[in-house]
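Visitor: Provided herewith: entry_16.tsv, TSV, C-alpha atoms.
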chain	number	residue	atom	x	y	z
A	31	MET	CA	87.98	6.22	-88.65
A	32	LYS	CA	90.31	6.56	-85.70
A	33	PRO	CA	91.03	3.96	-83.00
A	34	ALA	CA	89.23	4.07	-79.69
A	35	PRO	CA	91.40	5.50	-76.88
A	36	PHE	CA	93.96	3.11	-75.38
A	37	ASP	CA	97.04	3.18	-73.18
A	38	TYR	CA	100.37	2.29	-74.72
A	39	ALA	CA	103.25	0.26	-73.27
A	40	ARG	CA	106.63	-0.52	-74.83
A	41	PRO	CA	108.35	-3.20	-72.72
A	42	SER	CA	112.03	-3.92	-73.19
A	43	SER	CA	112.00	-7.55	-72.09
A	44	VAL	CA	109.80	-10.63	-72.30
A	45	ALA	CA	109.35	-10.59	-68.52
A	46	GLU	CA	108.11	-6.99	-68.59
A	47	ALA	CA	105.74	-7.73	-71.46
A	48	CYS	CA	104.31	-10.74	-69.64
A	49	ARG	CA	103.81	-8.68	-66.49
A	50	ILE	CA	101.87	-6.03	-68.40
A	51	LEU	CA	99.72	-8.66	-70.09
A	52	SER	CA	99.00	-10.30	-66.75
A	53	GLU	CA	98.07	-7.03	-65.05
A	54	ALA	CA	95.77	-6.07	-67.94
A	55	GLY	CA	93.36	-8.85	-67.06
A	56	GLY	CA	92.53	-9.67	-70.67
A	57	GLY	CA	92.29	-6.05	-71.80
A	58	ALA	CA	95.64	-5.88	-73.59
A	59	THR	CA	96.54	-6.53	-77.21
A	60	VAL	CA	100.05	-7.18	-78.46
A	61	ILE	CA	101.28	-5.28	-81.51
A	62	ALA	CA	104.13	-6.71	-83.56
A	63	GLY	CA	104.16	-5.64	-87.22
A	64	GLY	CA	100.64	-4.26	-86.99
A	65	GLN	CA	99.72	-5.06	-90.59
A	66	THR	CA	96.47	-6.71	-89.48
A	67	LEU	CA	95.96	-5.01	-86.13
A	68	MET	CA	96.13	-1.37	-87.25
A	69	PRO	CA	93.18	-1.63	-89.68
A	70	LEU	CA	91.19	-3.43	-86.97
A	71	LEU	CA	91.97	-0.64	-84.50
A	72	ASN	CA	90.99	2.05	-87.00
A	73	LEU	CA	87.70	0.28	-87.72
A	74	ARG	CA	87.19	-0.21	-83.97
A	75	MET	CA	86.82	-3.94	-84.52
A	76	SER	CA	89.52	-4.25	-81.85
A	77	GLN	CA	89.34	-1.98	-78.80
A	78	PRO	CA	92.02	-2.92	-76.27
A	79	PHE	CA	92.50	-0.96	-73.08
A	80	ILE	CA	96.25	-1.14	-73.54
A	81	LEU	CA	98.44	-1.78	-76.57
A	82	VAL	CA	101.63	-3.68	-75.77
A	83	ASP	CA	104.33	-2.91	-78.34
A	84	ILE	CA	106.94	-5.71	-78.40
A	85	ASN	CA	109.11	-4.19	-81.14
A	86	ARG	CA	111.88	-3.22	-78.69
A	87	ILE	CA	112.45	-6.69	-77.20
A	88	PRO	CA	115.73	-7.94	-78.71
A	89	GLU	CA	115.34	-11.62	-77.74
A	90	LEU	CA	112.21	-11.89	-79.90
A	91	THR	CA	114.08	-11.24	-83.16
A	92	GLY	CA	116.38	-13.36	-85.29
A	93	VAL	CA	117.00	-16.80	-86.75
A	94	SER	CA	119.27	-19.30	-85.01
A	95	ARG	CA	120.22	-22.95	-85.12
A	96	VAL	CA	119.15	-24.97	-82.09
A	97	THR	CA	119.45	-28.65	-81.28
A	98	GLY	CA	117.39	-30.50	-83.84
A	99	GLY	CA	116.07	-27.48	-85.69
A	100	ILE	CA	115.89	-23.77	-86.36
A	101	ARG	CA	114.39	-21.19	-84.03
A	102	VAL	CA	112.75	-18.09	-85.47
A	103	GLY	CA	112.02	-15.17	-83.17
A	104	PRO	CA	108.40	-14.03	-83.58
A	105	MET	CA	109.43	-10.41	-84.19
A	106	THR	CA	111.58	-11.40	-87.18
A	107	ARG	CA	110.36	-9.35	-90.13
A	108	GLN	CA	108.99	-11.37	-93.00
A	109	ALA	CA	111.28	-9.52	-95.41
A	110	ASP	CA	114.34	-10.44	-93.31
A	111	ALA	CA	113.31	-14.08	-93.07
A	112	LEU	CA	112.78	-14.16	-96.81
A	113	VAL	CA	116.49	-13.45	-97.45
A	114	ASP	CA	117.94	-15.34	-94.49
A	115	ALA	CA	120.62	-17.79	-95.64
A	116	THR	CA	119.94	-20.29	-92.85
A	117	LEU	CA	116.25	-20.51	-93.70
A	118	ALA	CA	116.99	-20.71	-97.42
A	119	ARG	CA	119.27	-23.69	-96.86
A	120	HIS	CA	117.37	-25.60	-94.19
A	121	LEU	CA	113.71	-24.48	-94.56
A	122	PRO	CA	113.13	-23.69	-98.24
A	123	ALA	CA	109.41	-24.42	-97.83
A	124	MET	CA	109.12	-21.56	-95.36
A	125	VAL	CA	110.98	-19.18	-97.67
A	126	THR	CA	108.80	-20.21	-100.61
A	127	ALA	CA	105.65	-19.61	-98.59
A	128	LEU	CA	106.95	-16.27	-97.30
A	129	GLY	CA	107.27	-15.04	-100.86
A	130	HIS	CA	103.48	-15.24	-101.16
A	131	VAL	CA	102.66	-13.46	-97.88
A	132	GLY	CA	101.01	-10.12	-98.62
A	133	HIS	CA	103.11	-7.67	-100.64
A	134	TYR	CA	106.74	-6.61	-100.35
A	135	GLN	CA	105.61	-3.39	-98.63
A	136	THR	CA	103.74	-5.28	-95.90
A	137	ARG	CA	106.54	-7.84	-95.50
A	138	ASN	CA	108.87	-5.02	-94.47
A	139	ARG	CA	106.77	-4.54	-91.32
A	140	GLY	CA	104.92	-7.83	-90.98
A	141	THR	CA	106.47	-10.43	-88.67
A	142	VAL	CA	106.67	-14.20	-88.83
A	143	GLY	CA	105.26	-14.55	-85.32
A	144	GLY	CA	102.47	-12.08	-85.92
A	145	SER	CA	101.19	-14.17	-88.81
A	146	VAL	CA	101.62	-17.46	-86.96
A	147	ALA	CA	99.87	-16.16	-83.83
A	148	LEU	CA	96.98	-14.51	-85.68
A	149	GLY	CA	95.70	-17.81	-87.04
A	150	GLU	CA	94.21	-16.59	-90.31
A	151	PRO	CA	92.92	-19.83	-91.91
A	152	ALA	CA	93.93	-18.76	-95.42
A	153	ALA	CA	97.42	-17.50	-94.52
A	154	GLU	CA	100.67	-19.19	-95.49
A	155	MET	CA	102.66	-19.00	-92.24
A	156	PRO	CA	100.27	-20.88	-89.93
A	157	ALA	CA	99.93	-23.71	-92.46
A	158	THR	CA	103.69	-23.84	-92.96
A	159	ALA	CA	104.21	-24.19	-89.20
A	160	VAL	CA	101.70	-27.06	-89.16
A	161	ALA	CA	103.14	-28.80	-92.23
A	162	LEU	CA	106.74	-28.63	-91.02
A	163	GLY	CA	105.88	-29.78	-87.50
A	164	ALA	CA	106.88	-26.58	-85.72
A	165	THR	CA	106.72	-26.11	-81.96
A	166	LEU	CA	105.64	-22.78	-80.48
A	167	GLU	CA	107.31	-21.38	-77.36
A	168	ILE	CA	104.94	-19.45	-75.09
A	169	ALA	CA	105.68	-17.42	-71.94
A	170	SER	CA	103.68	-15.76	-69.18
A	171	VAL	CA	104.21	-14.76	-65.55
A	172	ARG	CA	102.96	-18.27	-64.73
A	173	GLY	CA	105.88	-19.84	-66.57
A	174	SER	CA	106.62	-21.14	-70.04
A	175	ARG	CA	105.24	-23.92	-72.18
A	176	THR	CA	105.53	-25.35	-75.68
A	177	VAL	CA	102.67	-26.23	-78.01
A	178	ALA	CA	102.81	-28.14	-81.26
A	179	ALA	CA	101.58	-26.05	-84.18
A	180	THR	CA	99.05	-28.76	-84.99
A	181	ASP	CA	97.47	-28.19	-81.55
A	182	PHE	CA	97.75	-24.40	-81.53
A	183	TYR	CA	94.81	-23.51	-83.80
A	184	ILE	CA	91.26	-24.16	-82.63
A	185	GLY	CA	89.18	-21.99	-84.97
A	186	PRO	CA	89.28	-18.95	-87.25
A	187	TYR	CA	91.59	-16.46	-85.55
A	188	MET	CA	91.36	-18.63	-82.43
A	189	THR	CA	94.36	-20.25	-80.77
A	190	VAL	CA	95.24	-21.77	-77.41
A	191	LEU	CA	97.24	-18.63	-76.54
A	192	GLU	CA	95.82	-17.15	-73.33
A	193	SER	CA	95.33	-13.40	-72.88
A	194	ASP	CA	98.33	-13.17	-70.53
A	195	GLU	CA	100.65	-15.22	-72.75
A	196	LEU	CA	103.21	-14.15	-75.33
A	197	LEU	CA	104.59	-16.13	-78.26
A	198	THR	CA	108.37	-16.03	-77.79
A	199	GLY	CA	109.72	-18.44	-80.40
A	200	ILE	CA	108.90	-20.81	-83.24
A	201	VAL	CA	111.09	-23.89	-83.58
A	202	TYR	CA	111.02	-25.73	-86.89
A	203	PRO	CA	112.51	-29.24	-86.79
A	204	ASP	CA	115.32	-30.17	-89.15
A	205	TRP	CA	114.44	-31.65	-92.51
A	206	PRO	CA	117.15	-33.60	-94.38
A	207	GLU	CA	119.25	-31.89	-97.01
A	208	GLY	CA	117.70	-32.21	-100.45
A	209	HIS	CA	114.10	-32.63	-99.31
A	210	LEU	CA	111.44	-31.57	-101.79
A	211	VAL	CA	109.14	-28.59	-101.34
A	212	LEU	CA	105.48	-28.66	-102.35
A	213	PHE	CA	103.71	-25.31	-102.55
A	214	ARG	CA	100.86	-23.89	-104.55
A	215	GLU	CA	98.08	-21.43	-103.90
A	216	VAL	CA	95.18	-19.96	-105.81
A	217	ALA	CA	94.18	-16.37	-105.00
A	218	GLN	CA	92.09	-13.71	-106.68
A	219	ARG	CA	95.09	-11.38	-106.88
A	220	PRO	CA	98.76	-11.69	-105.91
A	221	GLY	CA	99.06	-10.83	-102.23
A	222	ASP	CA	95.46	-11.72	-101.39
A	223	PHE	CA	94.67	-14.46	-98.92
A	224	ALA	CA	94.45	-17.78	-100.73
A	225	LEU	CA	91.17	-19.29	-101.83
A	226	VAL	CA	92.97	-22.63	-101.71
A	227	GLY	CA	96.57	-23.35	-100.81
A	228	MET	CA	98.92	-26.19	-99.93
A	229	VAL	CA	102.40	-26.33	-98.46
A	230	GLY	CA	104.72	-29.06	-97.33
A	231	CYS	CA	107.82	-31.19	-97.72
A	232	VAL	CA	108.61	-34.70	-98.87
A	233	VAL	CA	111.81	-36.66	-98.20
A	234	LEU	CA	112.95	-39.32	-100.67
A	235	ASP	CA	115.36	-42.04	-99.59
A	236	GLY	CA	116.42	-44.28	-102.44
A	237	GLY	CA	113.32	-43.43	-104.42
A	238	VAL	CA	111.01	-44.16	-101.49
A	239	VAL	CA	109.14	-41.51	-99.49
A	240	SER	CA	110.49	-41.69	-95.94
A	241	ARG	CA	108.92	-38.54	-94.51
A	242	ALA	CA	106.15	-36.12	-95.44
A	243	GLY	CA	104.61	-33.03	-93.90
A	244	LEU	CA	101.66	-31.43	-95.71
A	245	ALA	CA	99.02	-28.86	-94.81
A	246	TRP	CA	96.13	-26.97	-96.40
A	247	PHE	CA	95.33	-23.30	-95.99
A	248	GLY	CA	92.06	-21.74	-97.09
A	249	MET	CA	90.47	-25.18	-96.83
A	250	GLY	CA	88.87	-24.98	-93.40
A	251	PRO	CA	88.55	-22.95	-90.20
A	252	THR	CA	92.23	-23.56	-89.36
A	253	PRO	CA	95.32	-24.75	-91.21
A	254	ILE	CA	94.75	-28.47	-91.73
A	255	ARG	CA	97.33	-31.25	-91.64
A	256	MET	CA	96.89	-33.73	-94.51
A	257	ARG	CA	97.40	-36.80	-92.34
A	258	ARG	CA	95.85	-39.36	-94.67
A	259	ALA	CA	97.81	-38.09	-97.64
A	260	GLU	CA	101.04	-38.19	-95.63
A	261	ALA	CA	100.34	-41.78	-94.56
A	262	ALA	CA	99.58	-42.77	-98.15
A	263	LEU	CA	102.95	-41.40	-99.32
A	264	ILE	CA	105.28	-42.64	-96.59
A	265	GLY	CA	106.89	-45.96	-97.47
A	266	ARG	CA	105.85	-45.76	-101.13
A	267	SER	CA	108.23	-45.82	-104.07
A	268	LEU	CA	107.68	-43.31	-106.85
A	269	SER	CA	106.27	-46.02	-109.11
A	270	GLU	CA	103.61	-46.82	-106.51
A	271	ILE	CA	102.32	-43.27	-106.03
A	272	ASP	CA	99.07	-42.30	-107.74
A	273	PRO	CA	98.83	-38.48	-107.44
A	274	GLY	CA	95.09	-38.47	-108.09
A	275	ALA	CA	94.38	-41.03	-105.38
A	276	VAL	CA	96.58	-39.22	-102.86
A	277	ALA	CA	94.83	-35.95	-103.76
A	278	GLU	CA	91.48	-37.53	-102.89
A	279	LEU	CA	92.83	-38.43	-99.46
A	280	ALA	CA	94.24	-34.93	-99.00
A	281	VAL	CA	90.89	-33.30	-99.76
A	282	ALA	CA	89.12	-35.76	-97.47
A	283	ASP	CA	91.12	-34.32	-94.56
A	284	ALA	CA	89.98	-30.76	-95.38
A	285	ALA	CA	86.86	-28.93	-94.19
A	286	PRO	CA	86.15	-26.35	-96.92
A	287	PHE	CA	83.38	-23.80	-96.54
A	288	ASP	CA	81.21	-21.44	-98.56
A	289	ASP	CA	81.93	-17.71	-98.37
A	290	HIS	CA	81.57	-14.69	-100.66
A	291	HIS	CA	84.89	-15.54	-102.34
A	292	ALA	CA	84.28	-19.19	-103.27
A	293	SER	CA	82.13	-22.20	-102.53
A	294	ALA	CA	83.17	-25.30	-100.63
A	295	GLU	CA	82.78	-27.33	-103.82
A	296	TYR	CA	85.07	-24.95	-105.69
A	297	ARG	CA	87.68	-25.35	-102.98
A	298	ARG	CA	87.43	-29.15	-103.07
A	299	THR	CA	87.73	-29.25	-106.84
A	300	VAL	CA	90.63	-26.82	-107.04
A	301	GLY	CA	92.34	-28.37	-104.03
A	302	ARG	CA	92.16	-31.81	-105.59
A	303	ARG	CA	93.62	-30.55	-108.87
A	304	ILE	CA	96.44	-28.43	-107.47
A	305	PHE	CA	97.47	-31.18	-105.06
A	306	ALA	CA	97.68	-33.84	-107.79
A	307	ARG	CA	99.49	-31.49	-110.18
A	308	THR	CA	101.97	-30.25	-107.55
A	309	LEU	CA	102.74	-33.75	-106.30
A	310	ARG	CA	103.20	-35.02	-109.85
A	311	GLU	CA	105.50	-32.15	-110.82
A	312	THR	CA	107.50	-32.18	-107.58
A	313	LEU	CA	108.13	-35.94	-107.63
A	314	ASP	CA	108.54	-35.87	-111.41
A	315	LEU	CA	105.83	-38.50	-111.90
A	316	ARG	CA	105.48	-37.92	-115.61
A	317	ASP	CA	103.97	-41.30	-116.29
A	318	ALA	CA	101.65	-41.37	-113.26
A	319	ALA	CA	97.92	-41.50	-113.87
Could I get this file's structure written as structure tokens?
Guide:
Amino acid sequence: MKPAPFDYARPSSVAEACRILSEAGGGATVIAGGQTLMPLLNLRMSQPFILVDINRIPELTGVSRVTGGIRVGPMTRQADALVDATLARHLPAMVTALGHVGHYQTRNRGTVGGSVALGEPAAEMPATAVALGATLEIASVRGSRTVAATDFYIGPYMTVLESDELLTGIVYPDWPEGHLVLFREVAQRPGDFALVGMVGCVVLDGGVVSRAGLAWFGMGPTPIRMRRAEAALIGRSLSEIDPGAVAELAVADAAPFDDHHASAEYRRTVGRRIFARTLRETLDLRDAA
């Protein structure tokens, strides 16, 4: 099929893009990498009046150090972020997760911000933003605001982003040097959306967990923060951690569902097992129950 007719705009600045979105009155759609949007347009599942192409806005691209963290421009290509030295050093969890996003062909066009803003419940980037405690920068003609990633997602493909607003930056807070990365996903084929996935970081200080950030993907209508599991880990020495018990708490925070790919019970069972195994292997709890 072919897309329904639409007007096309290619702004050269954030201000111009926000003006176009405002004037469209809810009839505009932003295109970044287009890896999800183009199929939707061709199937006429999305029929905007105007397509706003933000590929030519320089301030939306790149990785930079900011006070207390790292800022990633939403138009940064996934392939570029995957080989960025700053991200590799300071946000290895993000780089690990990026390596499982789609296929290398799609990562050449797909953007970090496009994935974060889309809000696919089974995608790696939204869950990574939630797990790492990212803050999203949002602009419109009405001004700018910031939203915590944990508050950004409200349902499948639903976010707090208004129709006249544009995601302009993603700021990931600093994690201490040497922090541990937890990541695992189960998918039908490499590159598919995950049936069940987990991502996060743990900080050890003298053998005691001093900080943890963990999130599920594919385990509910949005990426889900594992708050009870985090609380159970923080302040515990390695000898006090029972991976199986923490896994039960992690699954209790999830809201799995039945669909044509897997049942909710399958997701709970697999989630429980991959969490316990990943935690045990990451913390090297060989003798843990």
Visitor: Write out as a PyMOL selection string the residues lying within 7 Å of region 43-60 of chain A, counting all atoms listed in the file and excluding same-chain residues fewer than 3 positions away.
Guide: chain A and resi 78-83+87+170-171+193-196
Visitor: Which residues are close to Ser293 (chain A), i.e. within 12 Å by only C-alpha atoms, leaving aside same-chain residues fewer than 6 positions away? Reply as a ChimeraX atom specification.
Guide: /A:225-226,248-250,285-287,299-300
Visitor: Nearest residue to Met188 (chain A) out of A:Pro151, A:Pro41, A:Gly103, A:Gly64, using all atoms listed in the file?
Guide: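 Among the listed residues, A:Pro151 lies closest to Met188 (chain A).
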Visitor: Show which residues sit within 9 Å of region 228-232 of chain A, as JSON, numbers by chain. Count all atoms listed in the file, and ignore same-chain residues fewer than 4 positions away.
Guide: {"A": [123, 124, 127, 154, 157, 158, 160, 161, 162, 205, 209, 210, 211, 212, 213, 214, 215, 239, 240, 241, 242, 243, 244, 245, 246, 247, 248, 260, 263, 264, 301, 304, 305, 313]}
Visitor: So how many Å separate CA of Ile254 (chain A) and CA of Ala284 (chain A), to one decimal?
Guide: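 Those two atoms sit 6.4 Å apart.
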Visitor: Give the answer as one residue: which of A:Leu268, A:Val113, A:Val238, A:Val102 has the shortest atom-to-atom distance to Val125 (chain A), using all atoms listed in the file?
Guide: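 Using all atoms listed in the file, the shortest distance to Val125 (chain A) belongs to A:Val113.
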Visitor: Would you please work out which residue, of A:Ala115, A:Phe223, A:Gly199, A:Tyr134, is nearest to Ala159 (chain A) when using all atoms listed in the file?
Guide: A:Gly199
Visitor: Looking at A:Gln65, A:Val177, A:Ser76, A:Thr126, which one is nearest to Asn138 (chain A), with distances taken over only C-alpha atoms?
Guide: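 Closest to Asn138 (chain A), using only C-alpha atoms: A:Gln65.
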Visitor: Can you work out the spacing between CA of Ala147 (chain A) and CA of Gly208 (chain A) in Å, to one decimal?
Guide: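 Going from CA of Ala147 (chain A) over to CA of Gly208 (chain A) covers 29.2 Å.
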Visitor: Ranking A:Pro33, A:Gly144, A:Pro122, A:Pro273 by minimum distance to Asn72 (chain A) and counting all atoms listed in the file, which one comes first?
Guide: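 Ranking A:Pro33, A:Gly144, A:Pro122, A:Pro273 by distance to Asn72 (chain A), first place goes to A:Pro33.
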Visitor: So the first atom is CA of Pro203 (chain A) and the second is CA of Ile100 (chain A); what is the distance between them in Å, to one decimal place?
Guide: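 CA of Ile100 (chain A) lies at a distance of 6.4 Å from CA of Pro203 (chain A).
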Visitor: Would you mind telling me which residue in A:Pro220, A:Gly227, A:Gly63, A:Gly143 lies nearest to Arg297 (chain A) when using all atoms listed in the file?
Guide: A:Gly227
Visitor: Find the residues near Gln135 (chain A): any atom within 12 Å, counting only C-alpha atoms, skip ones fewer than 4 places away on the same chain, and give them as a tab-separated table (two decimals) with C-alpha atoms, in the frame of the given file.
Guide:
chain	number	residue	atom	x	y	z
A	63	GLY	CA	104.16	-5.64	-87.22
A	65	GLN	CA	99.72	-5.06	-90.59
A	107	ARG	CA	110.36	-9.35	-90.13
A	108	GLN	CA	108.99	-11.37	-93.00
A	109	ALA	CA	111.28	-9.52	-95.41
A	129	GLY	CA	107.27	-15.04	-100.86
A	131	VAL	CA	102.66	-13.46	-97.88
A	139	ARG	CA	106.77	-4.54	-91.32
A	140	GLY	CA	104.92	-7.83	-90.98
A	221	GLY	CA	99.06	-10.83	-102.23
Visitor: At a cut-off of 10 Å, using only C-alpha atoms, what residues contact Arg258 (chain A)? Leave out same-chain residues fewer than 4 positions from it and give the result as a list in words.
Guide: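 Close residues of Arg258 (chain A): Leu244, Ala262, Leu263, Val276, Ala277, Glu278, Leu279, Ala280, Val281, Ala282 and Asp283 of chain A.
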Visitor: Starting from the block above, write region 262-316 of chain A out to a file with C-alpha atoms, as a tab-separated table (two decimals), in the first residue's frame, please.
Guide:
chain	number	residue	atom	x	y	z
A	262	ALA	CA	15.57	-5.57	48.49
A	263	LEU	CA	19.08	-5.22	47.05
A	264	ILE	CA	20.14	-1.83	48.38
A	265	GLY	CA	22.04	-2.09	51.65
A	266	ARG	CA	22.56	-5.84	51.31
A	267	SER	CA	25.93	-7.56	51.25
A	268	LEU	CA	26.50	-10.25	48.63
A	269	SER	CA	26.19	-12.97	51.26
A	270	GLU	CA	22.72	-11.70	52.18
A	271	ILE	CA	21.27	-11.67	48.66
A	272	ASP	CA	18.97	-14.52	47.65
A	273	PRO	CA	18.55	-14.22	43.85
A	274	GLY	CA	15.39	-16.33	43.84
A	275	ALA	CA	13.70	-14.22	46.51
A	276	VAL	CA	14.64	-10.97	44.78
A	277	ALA	CA	13.34	-12.40	41.49
A	278	GLU	CA	9.95	-13.01	43.13
A	279	LEU	CA	9.82	-9.36	44.15
A	280	ALA	CA	10.85	-8.25	40.67
A	281	VAL	CA	8.06	-10.26	39.03
A	282	ALA	CA	5.57	-8.96	41.59
A	283	ASP	CA	6.18	-5.45	40.25
A	284	ALA	CA	5.39	-6.54	36.67
A	285	ALA	CA	2.02	-6.66	34.92
A	286	PRO	CA	2.42	-9.36	32.23
A	287	PHE	CA	-0.33	-10.05	29.72
A	288	ASP	CA	-1.55	-12.70	27.30
A	289	ASP	CA	-1.05	-12.12	23.57
A	290	HIS	CA	-0.52	-14.25	20.47
A	291	HIS	CA	3.22	-14.47	21.23
A	292	ALA	CA	3.11	-15.68	24.84
A	293	SER	CA	0.92	-15.98	27.89
A	294	ALA	CA	1.17	-13.93	31.06
A	295	GLU	CA	2.15	-17.06	32.97
A	296	TYR	CA	4.96	-17.76	30.50
A	297	ARG	CA	6.25	-14.24	30.99
A	298	ARG	CA	6.14	-14.55	34.78
A	299	THR	CA	7.94	-17.88	34.73
A	300	VAL	CA	10.62	-16.80	32.27
A	301	GLY	CA	11.00	-13.41	33.93
A	302	ARG	CA	11.54	-15.02	37.31
A	303	ARG	CA	14.18	-17.38	35.90
A	304	ILE	CA	16.14	-14.89	33.82
A	305	PHE	CA	16.17	-12.36	36.66
A	306	ALA	CA	17.53	-14.85	39.20
A	307	ARG	CA	20.10	-16.22	36.75
A	308	THR	CA	21.27	-12.78	35.60
A	309	LEU	CA	21.54	-11.44	39.14
A	310	ARG	CA	23.44	-14.54	40.27
A	311	GLU	CA	25.86	-14.39	37.34
A	312	THR	CA	26.38	-10.62	37.48
A	313	LEU	CA	27.06	-10.54	41.23
A	314	ASP	CA	28.97	-13.82	41.01
A	315	LEU	CA	26.75	-15.45	43.64
A	316	ARG	CA	27.91	-18.96	42.92
